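Asker: Hey, dropping protein_33.txt in here, compact mmCIF, C-alpha atoms and all ligand atoms:
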```
# COMPACT_ATOMS: atom_id res chain seq x y z
CA MET N 20 15.27 19.03 22.37
CA LYS N 21 18.82 20.12 21.70
CA LYS N 22 19.76 16.56 20.90
CA ILE N 23 16.97 16.34 18.35
CA ASN N 24 17.99 19.55 16.72
CA ARG N 25 21.53 18.31 16.40
CA ALA N 26 20.16 15.19 14.80
CA VAL N 27 18.15 17.32 12.46
CA MET N 28 21.15 19.44 11.57
CA GLY N 29 22.98 16.22 10.77
CA CYS N 30 20.04 15.25 8.66
CA TRP N 31 20.14 18.27 6.46
CA MET N 32 23.89 18.04 6.22
CA ALA N 33 23.49 14.47 5.07
CA ILE N 34 21.03 15.60 2.44
CA ALA N 35 23.35 18.40 1.36
CA LEU N 36 26.20 15.91 1.03
CA MET N 37 24.04 13.54 -0.93
CA VAL N 38 22.89 16.30 -3.21
CA GLY N 39 26.48 17.26 -3.86
CA SER N 40 27.23 13.79 -5.17
CA LEU N 41 24.23 13.48 -7.44
CA GLY N 42 23.67 14.66 -10.99
CA ALA N 43 22.12 17.86 -12.23
CA GLN N 44 18.57 16.61 -12.10
CA GLU N 45 18.88 15.65 -8.44
CA LYS N 46 20.65 18.84 -7.40
CA ALA N 47 17.26 20.49 -7.21
CA ILE N 48 16.61 18.71 -3.93
CA SER N 49 19.19 20.83 -2.07
CA ALA N 50 17.93 21.59 1.40
CA SER N 51 20.77 23.66 2.75
CA ASP N 52 18.67 26.82 2.99
CA LEU N 53 16.19 24.94 5.17
CA LEU N 54 18.84 24.96 7.87
CA LYS N 55 18.26 28.69 8.15
CA ASP N 56 14.49 28.37 8.34
CA PRO N 57 13.26 28.86 11.92
CA ALA N 58 9.80 27.66 10.89
CA VAL N 59 11.20 24.27 9.93
CA MET N 60 12.99 23.97 13.26
CA ALA N 61 9.79 24.98 15.07
CA ALA N 62 7.84 22.32 13.16
CA ILE N 63 10.36 19.69 14.20
CA ASP N 64 9.90 20.66 17.85
CA ALA N 65 6.12 20.67 17.43
CA ALA N 66 6.13 17.16 15.97
CA LYS N 67 7.68 15.78 19.12
CA ALA N 68 5.69 17.95 21.51
CA ASN N 69 2.44 16.81 19.84
CA GLU N 70 3.14 13.09 20.01
CA ALA N 71 0.64 12.55 22.86
CA GLN N 72 -2.00 14.01 20.55
CA ALA N 73 -0.87 11.71 17.72
CA ILE N 74 -1.36 8.73 20.03
CA GLU N 75 -4.84 9.99 20.94
CA ASP N 76 -5.61 10.37 17.23
CA ASP N 77 -4.47 6.80 16.57
CA ILE N 78 -6.98 5.54 19.16
CA ARG N 79 -9.75 7.90 18.02
CA PHE N 80 -9.48 6.87 14.35
CA CYS N 81 -9.12 3.18 15.17
CA GLU N 82 -12.31 2.98 17.23
CA VAL N 83 -14.36 3.79 14.12
CA PRO N 84 -14.74 0.56 12.09
CA ALA N 85 -13.43 0.72 8.52
CA PRO N 86 -13.45 -2.61 6.67
CA SER N 87 -12.42 -2.29 3.00
CA PHE N 88 -15.44 -0.94 1.05
CA MET N 89 -16.91 0.46 4.30
CA GLU N 90 -14.51 3.28 5.06
CA THR N 91 -17.05 6.13 4.98
CA ALA N 92 -17.38 6.74 8.74
CA ARG N 93 -13.66 6.79 9.42
CA GLY N 94 -13.19 8.88 6.28
CA GLU N 95 -15.64 11.44 7.63
CA LEU N 96 -13.59 11.73 10.82
CA LEU N 97 -10.48 12.40 8.74
CA ARG N 98 -12.39 14.89 6.58
CA GLN N 99 -13.39 16.86 9.69
CA THR N 100 -9.83 16.74 11.04
CA PHE N 101 -8.42 17.98 7.71
CA GLN N 102 -10.87 20.87 7.86
CA GLN N 103 -10.14 21.71 11.51
CA LEU N 104 -6.44 21.88 10.70
CA GLY N 105 -7.00 24.34 7.89
CA LEU N 106 -6.32 22.22 4.82
CA GLN N 107 -7.90 23.68 1.69
CA ASN N 108 -10.31 22.22 -0.83
CA VAL N 109 -11.10 19.33 1.51
CA ARG N 110 -13.03 16.80 -0.56
CA VAL N 111 -14.04 13.17 -0.97
CA ASP N 112 -13.50 11.64 -4.41
CA GLY N 113 -15.55 9.04 -6.27
CA ALA N 114 -13.82 6.10 -4.57
CA GLY N 115 -14.11 7.60 -1.05
CA ASN N 116 -10.56 8.95 -0.73
CA VAL N 117 -10.44 12.02 1.52
CA LEU N 118 -8.19 14.79 0.18
CA GLY N 119 -6.97 18.10 1.57
CA ASP N 120 -4.53 20.56 0.00
CA ARG N 121 -1.75 22.61 1.50
CA PRO N 122 -0.73 24.88 -1.36
CA GLY N 123 2.87 26.04 -1.54
CA ALA N 124 4.40 29.02 -3.29
CA ALA N 125 4.00 27.13 -6.57
CA ALA N 126 1.79 24.29 -7.78
CA THR N 127 4.83 22.06 -8.35
CA PRO N 128 6.48 19.94 -7.25
CA HIS N 129 3.25 18.40 -6.04
CA LEU N 130 3.75 15.90 -3.23
CA VAL N 131 1.04 13.50 -2.06
CA LEU N 132 1.33 12.12 1.47
CA ALA N 133 -1.15 9.30 2.11
CA ALA N 134 -2.26 6.70 4.67
CA HIS N 135 -4.98 4.11 4.23
CA LEU N 136 -8.31 4.17 6.00
CA ASP N 137 -9.32 0.54 5.60
CA THR N 138 -8.60 -2.53 7.71
CA VAL N 139 -8.89 -6.28 7.12
CA PHE N 140 -11.36 -6.67 9.99
CA PRO N 141 -15.00 -7.36 9.08
CA GLN N 142 -17.91 -5.27 10.25
CA GLY N 143 -18.86 -6.22 13.81
CA THR N 144 -15.27 -6.64 15.04
CA ASP N 145 -14.71 -5.13 18.49
CA VAL N 146 -12.44 -2.21 17.64
CA ARG N 147 -12.16 -0.67 21.09
CA VAL N 148 -8.56 0.15 21.96
CA ARG N 149 -7.02 -0.88 25.27
CA ARG N 150 -4.05 0.98 26.65
CA GLU N 151 -1.44 -0.73 28.82
CA GLY N 152 1.35 1.69 29.63
CA ALA N 153 3.11 2.44 26.36
CA ILE N 154 1.31 -0.38 24.52
CA LEU N 155 -1.94 0.10 22.60
CA HIS N 156 -4.03 -2.99 21.83
CA GLY N 157 -6.63 -2.96 19.06
CA PRO N 158 -7.30 -4.29 15.55
CA GLY N 159 -5.72 -1.86 13.06
CA ILE N 160 -3.93 0.18 15.75
CA ALA N 161 -0.65 0.06 13.79
CA ASP N 162 -1.88 -0.88 10.29
CA ASP N 163 -2.89 1.75 9.51
CA CYS N 164 -4.48 3.95 12.16
CA ARG N 165 -0.95 4.85 13.18
CA GLY N 166 -0.27 5.96 9.61
CA LEU N 167 -3.38 8.17 9.69
CA ALA N 168 -2.24 9.65 13.02
CA VAL N 169 1.18 10.50 11.58
CA LEU N 170 -0.45 11.98 8.48
CA ILE N 171 -2.39 14.31 10.78
CA GLY N 172 0.71 14.87 12.94
CA VAL N 173 2.52 16.25 9.90
CA VAL N 174 -0.37 18.58 9.00
CA ARG N 175 -0.53 19.84 12.59
CA ALA N 176 3.20 20.50 12.93
CA LEU N 177 3.36 22.36 9.60
CA LYS N 178 0.41 24.51 10.67
CA GLN N 179 1.67 25.28 14.17
CA ALA N 180 5.06 26.36 12.87
CA ASN N 181 3.53 28.14 9.88
CA VAL N 182 5.93 26.39 7.50
CA ARG N 183 5.78 27.71 3.94
CA THR N 184 6.79 25.18 1.30
CA PRO N 185 7.88 26.05 -2.26
CA GLY N 186 5.90 23.12 -3.67
CA SER N 187 2.38 21.99 -2.84
CA ILE N 188 1.20 19.07 -0.74
CA THR N 189 -2.02 17.08 -0.89
CA PHE N 190 -2.81 14.90 2.11
CA VAL N 191 -4.88 11.80 1.35
CA ALA N 192 -6.64 9.30 3.62
CA ASP N 193 -7.37 6.57 1.09
CA VAL N 194 -9.65 3.58 0.70
CA GLY N 195 -9.14 0.01 -0.49
CA GLU N 196 -5.52 -0.76 0.35
CA GLU N 197 -6.19 -4.13 1.96
CA GLY N 198 -7.10 -7.47 0.37
CA LEU N 199 -9.90 -7.30 -2.15
CA GLY N 200 -9.83 -3.50 -1.85
CA ASP N 201 -7.20 -4.12 -4.54
CA LEU N 202 -5.69 -0.61 -4.27
CA ARG N 203 -8.90 0.88 -5.63
CA GLY N 204 -8.29 4.14 -3.76
CA MET N 205 -4.88 4.59 -5.39
CA LYS N 206 -6.17 3.55 -8.81
CA GLN N 207 -8.84 6.24 -8.53
CA LEU N 208 -6.35 8.84 -7.26
CA PHE N 209 -3.74 8.30 -10.00
CA ASN N 210 -6.08 7.51 -12.90
CA GLU N 211 -8.89 9.97 -12.19
CA THR N 212 -8.90 12.32 -9.20
CA MET N 213 -5.36 13.68 -9.54
CA LYS N 214 -4.35 12.18 -12.87
CA GLY N 215 -1.12 13.73 -14.16
CA GLN N 216 -0.78 16.06 -11.17
CA ILE N 217 1.34 14.02 -8.75
CA ASP N 218 5.12 14.44 -8.90
CA ARG N 219 6.07 12.54 -5.75
CA PHE N 220 4.23 10.12 -3.52
CA VAL N 221 4.80 8.87 0.03
CA SER N 222 2.55 6.38 1.76
CA ILE N 223 2.75 6.00 5.55
CA ASP N 224 1.89 2.42 6.39
CA GLY N 225 2.51 0.29 9.46
CA SER N 226 5.14 0.84 12.11
CA GLY N 227 8.93 1.07 12.38
CA LEU N 228 11.27 3.16 10.28
CA GLY N 229 11.62 0.99 7.18
CA ILE N 230 11.44 2.32 3.62
CA THR N 231 9.69 0.32 0.89
CA ASN N 232 10.84 1.09 -2.63
CA VAL N 233 9.99 -2.17 -4.40
CA ALA N 234 6.37 -3.04 -5.11
CA VAL N 235 5.45 -6.71 -5.17
CA GLY N 236 2.68 -7.00 -7.73
CA SER N 237 0.05 -9.70 -7.77
CA HIS N 238 -2.56 -11.13 -10.09
CA ARG N 239 -5.38 -13.17 -8.62
CA TYR N 240 -7.89 -15.16 -10.62
CA ARG N 241 -11.01 -17.13 -10.00
CA VAL N 242 -11.18 -19.75 -12.73
CA THR N 243 -14.43 -21.59 -13.46
CA PHE N 244 -14.68 -24.64 -15.72
CA LYS N 245 -18.20 -25.52 -16.87
CA GLY N 246 -19.78 -28.47 -18.64
CA PRO N 247 -23.23 -30.08 -19.08
CA GLY N 248 -22.87 -32.48 -16.12
CA GLY N 249 -24.82 -35.73 -15.79
CA HIS N 250 -25.08 -39.17 -14.21
CA SER N 251 -21.69 -40.74 -13.52
CA PHE N 252 -22.78 -44.05 -15.01
CA GLY N 253 -25.62 -43.18 -17.36
CA ALA N 254 -23.93 -40.14 -18.94
CA PHE N 255 -20.40 -41.55 -18.88
CA GLY N 256 -18.36 -40.11 -21.74
CA LEU N 257 -19.05 -36.44 -21.04
CA ALA N 258 -16.04 -34.19 -20.53
CA ASN N 259 -15.61 -33.37 -16.85
CA PRO N 260 -14.97 -29.82 -15.55
CA ILE N 261 -13.20 -31.11 -12.44
CA ASP N 262 -10.93 -33.27 -14.58
CA ALA N 263 -10.14 -30.15 -16.63
CA LEU N 264 -9.43 -28.31 -13.37
CA GLY N 265 -7.10 -31.14 -12.33
CA ARG N 266 -5.25 -30.97 -15.64
CA ALA N 267 -4.79 -27.22 -15.20
CA ILE N 268 -3.53 -27.58 -11.61
CA ALA N 269 -1.04 -30.26 -12.66
CA LYS N 270 0.42 -27.87 -15.26
CA ILE N 271 0.54 -24.93 -12.82
CA ALA N 272 2.26 -27.11 -10.20
CA ASP N 273 5.15 -27.62 -12.63
CA PHE N 274 5.73 -23.92 -13.43
CA GLN N 275 9.38 -22.86 -13.27
CA VAL N 276 9.82 -19.35 -11.84
CA PRO N 277 12.89 -17.22 -11.06
CA LYS N 278 14.17 -17.09 -7.47
CA LEU N 279 15.27 -13.50 -8.11
CA PRO N 280 13.27 -11.39 -8.63
CA LYS N 281 11.19 -13.64 -6.38
CA THR N 282 8.21 -14.80 -8.39
CA THR N 283 5.53 -17.07 -6.96
CA PHE N 284 2.32 -18.93 -7.82
CA ASN N 285 -0.29 -20.65 -5.70
CA VAL N 286 -3.57 -22.50 -6.23
CA GLY N 287 -5.19 -21.45 -2.99
CA ARG N 288 -8.74 -22.79 -3.14
CA ILE N 289 -10.64 -25.31 -5.27
CA GLY N 290 -14.24 -26.43 -5.39
CA GLY N 291 -17.04 -27.81 -7.52
CA GLY N 292 -19.29 -30.80 -8.02
CA THR N 293 -22.50 -31.86 -6.33
CA SER N 294 -22.20 -35.58 -5.53
CA VAL N 295 -19.89 -38.54 -5.92
CA ASN N 296 -22.09 -40.13 -8.60
CA SER N 297 -22.57 -37.04 -10.76
CA ILE N 298 -20.32 -35.77 -13.51
CA PRO N 299 -19.96 -32.19 -12.23
CA PHE N 300 -21.23 -29.20 -14.17
CA GLU N 301 -18.64 -26.95 -12.54
CA GLY N 302 -15.16 -26.92 -11.07
CA TRP N 303 -13.30 -23.80 -9.89
CA MET N 304 -10.04 -22.62 -8.37
CA GLU N 305 -8.48 -19.44 -7.04
CA VAL N 306 -4.93 -18.68 -8.10
CA ASP N 307 -2.47 -16.08 -6.81
CA MET N 308 0.74 -15.03 -8.61
CA ARG N 309 3.27 -12.47 -7.41
CA SER N 310 6.50 -10.77 -8.37
CA SER N 311 8.28 -7.48 -7.83
CA ASP N 312 9.29 -7.56 -11.50
CA PRO N 313 6.53 -6.59 -13.94
CA ALA N 314 8.03 -8.77 -16.72
CA SER N 315 8.23 -11.85 -14.48
CA LEU N 316 4.68 -11.29 -13.29
CA ALA N 317 3.50 -10.98 -16.89
CA SER N 318 5.39 -14.15 -17.79
CA VAL N 319 3.89 -16.32 -15.02
CA ASP N 320 0.48 -14.82 -15.85
CA ALA N 321 0.89 -15.83 -19.51
CA SER N 322 1.88 -19.36 -18.46
CA PHE N 323 -1.22 -19.54 -16.29
CA HIS N 324 -3.52 -18.61 -19.20
CA LYS N 325 -1.80 -21.15 -21.46
CA ALA N 326 -2.13 -23.90 -18.84
CA VAL N 327 -5.83 -23.31 -18.29
CA ASP N 328 -6.63 -23.14 -22.01
CA ALA N 329 -4.59 -26.27 -22.74
CA ALA N 330 -6.35 -28.15 -19.95
CA VAL N 331 -9.71 -27.42 -21.57
CA VAL N 332 -8.52 -28.58 -25.00
CA GLU N 333 -7.06 -31.77 -23.51
CA GLU N 334 -10.15 -32.64 -21.53
CA ASN N 335 -12.46 -32.06 -24.49
CA GLY N 336 -10.05 -33.99 -26.75
CA ARG N 337 -10.03 -36.93 -24.35
CA TRP N 338 -13.76 -37.39 -24.92
CA GLY N 339 -13.93 -36.18 -28.52
CA SER N 340 -16.24 -33.28 -27.70
CA PRO N 341 -14.55 -30.06 -28.80
CA ARG N 342 -16.70 -27.43 -27.10
CA MET N 343 -18.15 -29.30 -24.12
CA ILE N 344 -16.00 -27.73 -21.39
CA THR N 345 -15.73 -23.95 -21.30
CA VAL N 346 -13.74 -21.79 -18.94
CA THR N 347 -13.86 -18.24 -17.56
CA LYS N 348 -10.90 -16.58 -15.89
CA ASP N 349 -11.98 -13.66 -13.71
CA LEU N 350 -9.26 -11.31 -12.54
CA VAL N 351 -10.22 -10.69 -8.89
CA GLY N 352 -7.00 -8.99 -7.82
CA ASP N 353 -4.58 -6.84 -9.79
CA ARG N 354 -1.82 -5.07 -7.92
CA PRO N 355 0.78 -3.74 -10.31
CA ALA N 356 4.48 -4.44 -9.70
CA GLY N 357 7.18 -1.79 -9.93
CA SER N 358 10.00 -0.09 -8.08
CA THR N 359 11.64 3.22 -7.38
CA PRO N 360 15.40 2.75 -7.88
CA ASP N 361 17.62 2.76 -4.77
CA GLY N 362 19.45 5.78 -6.19
CA ALA N 363 16.31 7.84 -6.87
CA PRO N 364 16.30 11.19 -5.01
CA ILE N 365 13.10 10.33 -3.12
CA VAL N 366 14.72 7.13 -1.77
CA GLN N 367 18.02 8.84 -1.01
CA THR N 368 16.24 11.66 0.80
CA ALA N 369 14.31 9.16 2.93
CA ILE N 370 17.55 7.33 3.75
CA ALA N 371 19.31 10.57 4.72
CA VAL N 372 16.45 11.66 6.97
CA THR N 373 16.32 8.24 8.68
CA LYS N 374 20.08 8.07 9.24
CA ALA N 375 20.11 11.56 10.64
CA LEU N 376 17.69 10.44 13.34
CA GLY N 377 20.26 7.82 14.28
CA PHE N 378 18.72 4.77 12.62
CA ALA N 379 19.76 2.38 9.91
CA ALA N 380 17.75 2.95 6.77
CA ASN N 381 16.54 -0.41 5.52
CA LEU N 382 15.09 -0.65 2.03
CA GLY N 383 12.49 -3.34 1.49
CA GLU N 384 9.77 -4.65 -0.74
CA GLY N 385 6.06 -4.95 -0.12
CA SER N 386 2.58 -4.57 -1.47
CA THR N 387 1.33 -1.12 -0.53
CA ASP N 388 -0.44 1.92 -1.92
CA ALA N 389 2.88 2.89 -3.55
CA ASN N 390 2.51 -0.04 -5.99
CA VAL N 391 0.28 2.10 -8.18
CA PRO N 392 2.58 5.14 -8.62
CA MET N 393 5.65 2.87 -8.88
CA SER N 394 4.00 1.01 -11.76
CA LEU N 395 3.41 4.42 -13.40
CA LYS N 396 7.07 5.36 -12.82
CA ILE N 397 6.12 8.22 -10.51
CA PRO N 398 8.73 8.56 -7.71
CA ALA N 399 7.12 6.79 -4.75
CA ILE N 400 7.95 5.07 -1.48
CA THR N 401 6.17 3.75 1.57
CA ILE N 402 7.55 4.56 5.02
CA GLY N 403 6.81 3.12 8.46
CA ALA N 404 5.11 5.39 10.97
CA GLY N 405 7.51 4.84 13.89
CA GLY N 406 6.98 2.88 17.08
CA ARG N 407 6.70 -0.89 16.93
CA GLY N 408 3.70 -2.89 15.80
CA THR N 409 3.02 -6.58 16.27
CA GLY N 410 0.30 -8.88 14.96
CA ALA N 411 -0.76 -6.88 11.91
CA HIS N 412 -4.02 -8.26 10.42
CA ALA N 413 -4.71 -10.18 13.68
CA LEU N 414 -7.25 -9.30 16.36
CA GLY N 415 -4.42 -9.11 18.90
CA GLU N 416 -2.60 -6.33 17.04
CA THR N 417 -0.53 -4.01 19.25
CA PHE N 418 1.39 -0.78 18.86
CA ASP N 419 4.27 0.16 21.17
CA THR N 420 4.40 3.96 21.39
CA THR N 421 7.91 4.07 22.90
CA ASP N 422 9.78 6.82 21.02
CA SER N 423 7.09 6.75 18.35
CA TRP N 424 7.60 10.51 17.88
CA LEU N 425 10.61 9.58 15.74
CA GLY N 426 8.19 8.29 13.12
CA THR N 427 6.19 11.51 13.11
CA GLU N 428 9.34 13.57 12.93
CA ARG N 429 10.79 11.56 10.06
CA ALA N 430 7.55 11.84 8.08
CA LEU N 431 7.53 15.61 8.71
CA LEU N 432 11.14 16.12 7.63
CA LEU N 433 10.63 14.02 4.54
CA THR N 434 7.50 15.96 3.66
CA ILE N 435 9.29 19.31 3.94
CA ALA N 436 12.24 18.03 1.91
CA LEU N 437 10.02 16.63 -0.85
CA ALA N 438 7.86 19.73 -1.11
CA ARG N 439 10.83 21.54 -2.60
CA PRO N 440 11.99 21.66 -6.20
ZN ZN N 501 -1.40 -1.20 5.79
```
Is it possible to express this structure as structure tokens?
Answerer:
Amino acid sequence: MKKINRAVMGCWMAIALMVGSLGAQEKAISASDLLKDPAVMAAIDAAKANEAQAIEDDIRFCEVPAPSFMETARGELLRQTFQQLGLQNVRVDGAGNVLGDRPGAAATPHLVLAAHLDTVFPQGTDVRVRREGAILHGPGIADDCRGLAVLIGVVRALKQANVRTPGSITFVADVGEEGLGDLRGMKQLFNETMKGQIDRFVSIDGSGLGITNVAVGSHRYRVTFKGPGGHSFGAFGLANPIDALGRAIAKIADFQVPKLPKTTFNVGRIGGGTSVNSIPFEGWMEVDMRSSDPASLASVDASFHKAVDAAVVEENGRWGSPRMITVTKDLVGDRPAGSTPDGAPIVQTAIAVTKALGFAANLGEGSTDANVPMSLKIPAITIGAGGRGTGAHALGETFDTTDSWLGTERALLLTIALARP
């Protein structure tokens, strides 16, 4: 325990040093007086002492199925846990996000600490968790049941040590982070439920001690070309939706995109037609485009629209039938891009806390709940929840709990630091 406390002292010293070298705006983050706060030190001890409970929570949450759009049962478990641990105004919003408040001396700064409820595994998946020494096996055990367990671990440690924070904290177990969930929980939280009230945001997602401060955005479309269709011989001369699709794909395949910021495009699925001797009445494709730079994403998106529209004009022109082929482009995925600068106080605080625990602080990019606040320019990061996960999004997912308390402790320290002016 002494060793940890030394590490923690180093941590706050690191923050104090950092604060000294930053401008006036950032000076507010000073944490030197926290060094004198016995409640903070007690919370740090509690976080480690409670790690066995955090591991039990991970298993308990994970054994309740929660595919995206079906998070209600797991959400209810989190709602009960929030209530048992004394959070205030525990509520479920319109999207299914579960929220609980821990008011500070003042309403601001208002920090949101979140972890996602949903998994990529469909209903009916065997979600029982198997324990083999330090290793837990189960779908979702790291991504993101571990994040939920750390979220609760922070609430528990703050309560046990009776930590009073100057600013306020809202804890959120959110829906719709994965796949076609399309960040719907975060969109609801930032655009409706807590619109204009969130000053800082931290998502706990996955394992390890990484820090994500760049949000890779994505646009996904389902594109459907339609025409009258007819006999391949008898009706020859009709514009062909699959030919239009082919023209569009040929244009997309030749897109030029920047290597940095990495910007990508992909035609992932195609389909259409009914038989070899019929001019099809429909052809469709699914297209995915990504970038961490909002301007680059917008640019490749614009090229995509141009390519599809031009393909329609060309196919109709080929057969002299101006309005025969029509197209619809349905946006089926929209994850905004964005970033929190490396030098931002929230990033620097996370780095200082991580280094103080004796670990390198690696900044990275990803697509997480923090995409939404980053795109709104609200200071936001995503942090790993400690331990070591393998096989995320696979049925054989595992979580190695060795020294996983470090993840809980880092999340706790960061929470205390960010709930201060
Ligand atoms: Zn996740």
Asker: Compile the contact shell of stretch 262-269 of chain N as JSON, numbers by chain: residues with an atom at most 9 Å away, counting only C-alpha atoms, same-chain residues fewer than 6 positions apart removed.
Answerer: {"N": [242, 243, 244, 286, 289, 302, 303, 304, 323, 326, 327, 328, 329, 330, 331, 332, 333, 334, 335, 344]}
Asker: Once you have the residues from the selection above, write them out as a short mmCIF file (atom, residue, chain, number, x, y, z; two decimals), in the coordinates of the input, restricted to C-alpha atoms.
Answerer:
```cif
data_model
loop_
_atom_site.label_atom_id
_atom_site.label_comp_id
_atom_site.auth_asym_id
_atom_site.auth_seq_id
_atom_site.Cartn_x
_atom_site.Cartn_y
_atom_site.Cartn_z
CA VAL N 242 -11.18 -19.75 -12.73
CA THR N 243 -14.43 -21.59 -13.46
CA PHE N 244 -14.68 -24.64 -15.72
CA VAL N 286 -3.57 -22.50 -6.23
CA ILE N 289 -10.64 -25.31 -5.27
CA GLY N 302 -15.16 -26.92 -11.07
CA TRP N 303 -13.30 -23.80 -9.89
CA MET N 304 -10.04 -22.62 -8.37
CA PHE N 323 -1.22 -19.54 -16.29
CA ALA N 326 -2.13 -23.90 -18.84
CA VAL N 327 -5.83 -23.31 -18.29
CA ASP N 328 -6.63 -23.14 -22.01
CA ALA N 329 -4.59 -26.27 -22.74
CA ALA N 330 -6.35 -28.15 -19.95
CA VAL N 331 -9.71 -27.42 -21.57
CA VAL N 332 -8.52 -28.58 -25.00
CA GLU N 333 -7.06 -31.77 -23.51
CA GLU N 334 -10.15 -32.64 -21.53
CA ASN N 335 -12.46 -32.06 -24.49
CA ILE N 344 -16.00 -27.73 -21.39
#
```
Asker: Show which residues sit within 7 Å of stretch 202-215 of chain N, as a PyMOL selection string. Count all atoms listed in the file, and ignore same-chain residues fewer than 6 positions away.
Answerer: chain N and resi 112+114+116+193-196+354+388+391
Asker: Which residues, written as JSON, numbers by chain, have at least one atom at most 12 Å from N:Leu106, with all atoms listed in the file counted and residues fewer than 2 positions away on the same chain left out?
Answerer: {"N": [97, 98, 99, 100, 101, 102, 103, 104, 108, 109, 110, 117, 118, 119, 120, 121, 122, 123, 171, 173, 174, 175, 177, 178, 187, 188, 189, 190, 191]}
Asker: Can you pull out the residues contacting N:Ala180? Cut-off 10 Å, using only C-alpha atoms, and skip same-chain residues under 4 positions away; I want them as a VMD selection string.
Answerer: chain N and resid 57 to 66 175 to 176
Asker: Can you tell me which residues surround N:Val139 at a distance of at most 10 Å, considering only C-alpha atoms, apart from same-chain residues fewer than 5 positions away, and format the answer as a list of chain:residue names?
Answerer: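 Skipping anything fewer than 5 positions along the chain leaves N:Ala85, N:Pro86, N:Ser87, N:Pro158, N:Gly159, N:Asp162, N:Gly195, N:Glu196, N:Glu197, N:Gly198, N:Leu199, N:Gly200, N:Ala411, N:His412, N:Ala413, N:Leu414.
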Asker: List as a list in words the protein and nucleic acid residues lying within 6 Å of ligand ZN 501 (chain N), with all atoms listed in the file counted.
Answerer: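 Using all atoms listed in the file, I find these residues within 6 Å of ligand ZN 501 (chain N): Asp162, Asp163, Asp224 and Gly225 of chain N.
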Asker: Please, which residues are within 10 Å of (0.5, -15.5, -8.0) by the file's coordinates, counting all atoms listed in the file, and could they come as number ranges by chain?
Answerer: N: 236-240, 282-287, 305-310, 316, 319-320, 323, 352
Asker: Which is closer to N:Ser294 than all the others in N:Pro280, N:Gly385, N:Glu428, N:Gly248, using only C-alpha atoms?
Answerer: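 Selected residue with least distance to N:Ser294: N:Gly248.
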Asker: Return the single residue from N:Leu432, N:Leu376, N:Leu279, N:Val233 that is closest to N:Met393, with distances computed using all atoms listed in the file.
Answerer: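 Once distances to N:Met393 are computed over all atoms listed in the file, the minimum belongs to N:Val233.
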Asker: Which protein, DNA or RNA residues have an atom at most 10 Å from (2.2, 6.8, -3.3), counting all atoms listed in the file? List them as a list in words.
Answerer: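 Within the cut-off we find Leu130, Val131, Leu132, Ala133, Ala134, Val191, Met205, Leu208, Phe209, Ile217, Asp218, Arg219, Phe220, Val221, Ser222, Ile223, Thr387, Asp388, Ala389, Asn390, Val391, Pro392, Met393, Ile397, Pro398, Ala399, Ile400 and Thr401 of chain N.
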Asker: Of the residues N:Pro364, N:Ser386, N:Ala92, N:Ala321, which is the one nearest to N:Ile271, using all atoms listed in the file?
Answerer: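 Ranking N:Pro364, N:Ser386, N:Ala92, N:Ala321 by distance to N:Ile271, first place goes to N:Ala321.
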Asker: When distances are computed from all atoms listed in the file, which of N:Thr368, N:Thr417, N:Thr434, N:Asn296 shows the smallest separation from N:Gly157?
Answerer: N:Thr417
Asker: Would you work out the distance separating atom CA of N:Ile230 from atom CA of N:Gly186, expressed in Å to one decimal?
Answerer: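 Computed distance, atom CA of N:Ile230 to atom CA of N:Gly186, equals 22.7 Å.
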Asker: Name the closest residue to N:Ser358 among the candidates N:Gly383, N:Thr345, N:Gly415, N:Ala234; distances are taken between atoms, counting only C-alpha atoms.
Answerer: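 Nearest candidate to N:Ser358 out of N:Gly383, N:Thr345, N:Gly415, N:Ala234: N:Ala234.
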Asker: As an exercise, work out the distance from atom CA of N:Val372 to atom CA of N:Val182 in Å and give it to one decimal place.
Answerer: 18.1 Å
Asker: How far is it from atom CA of N:Pro84 to atom CA of N:Arg147, in Å with one decimal?
Answerer: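 That distance, rounded to one decimal, is 9.4 Å.
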Asker: Pick out the closest residue to N:Arg150 from this set: N:Glu75, N:Gly115, N:Thr373, N:Glu301. Count all atoms listed in the file.
Answerer: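 Between N:Glu75, N:Gly115, N:Thr373, N:Glu301, the residue approaching N:Arg150 most closely is N:Glu75.
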Asker: Taking all atoms of stretch 123-128 of chain N that the file lists, what box with edges along x, y and z, padded by 3 Å per side, do you get, with centre and edge lengths in Å to one decimal, as lines of an AutoDock Vina configuration file?
Answerer:
```
center_x = 4.1
center_y = 24.5
center_z = -4.9
size_x = 10.7
size_y = 15.1
size_z = 12.8
```
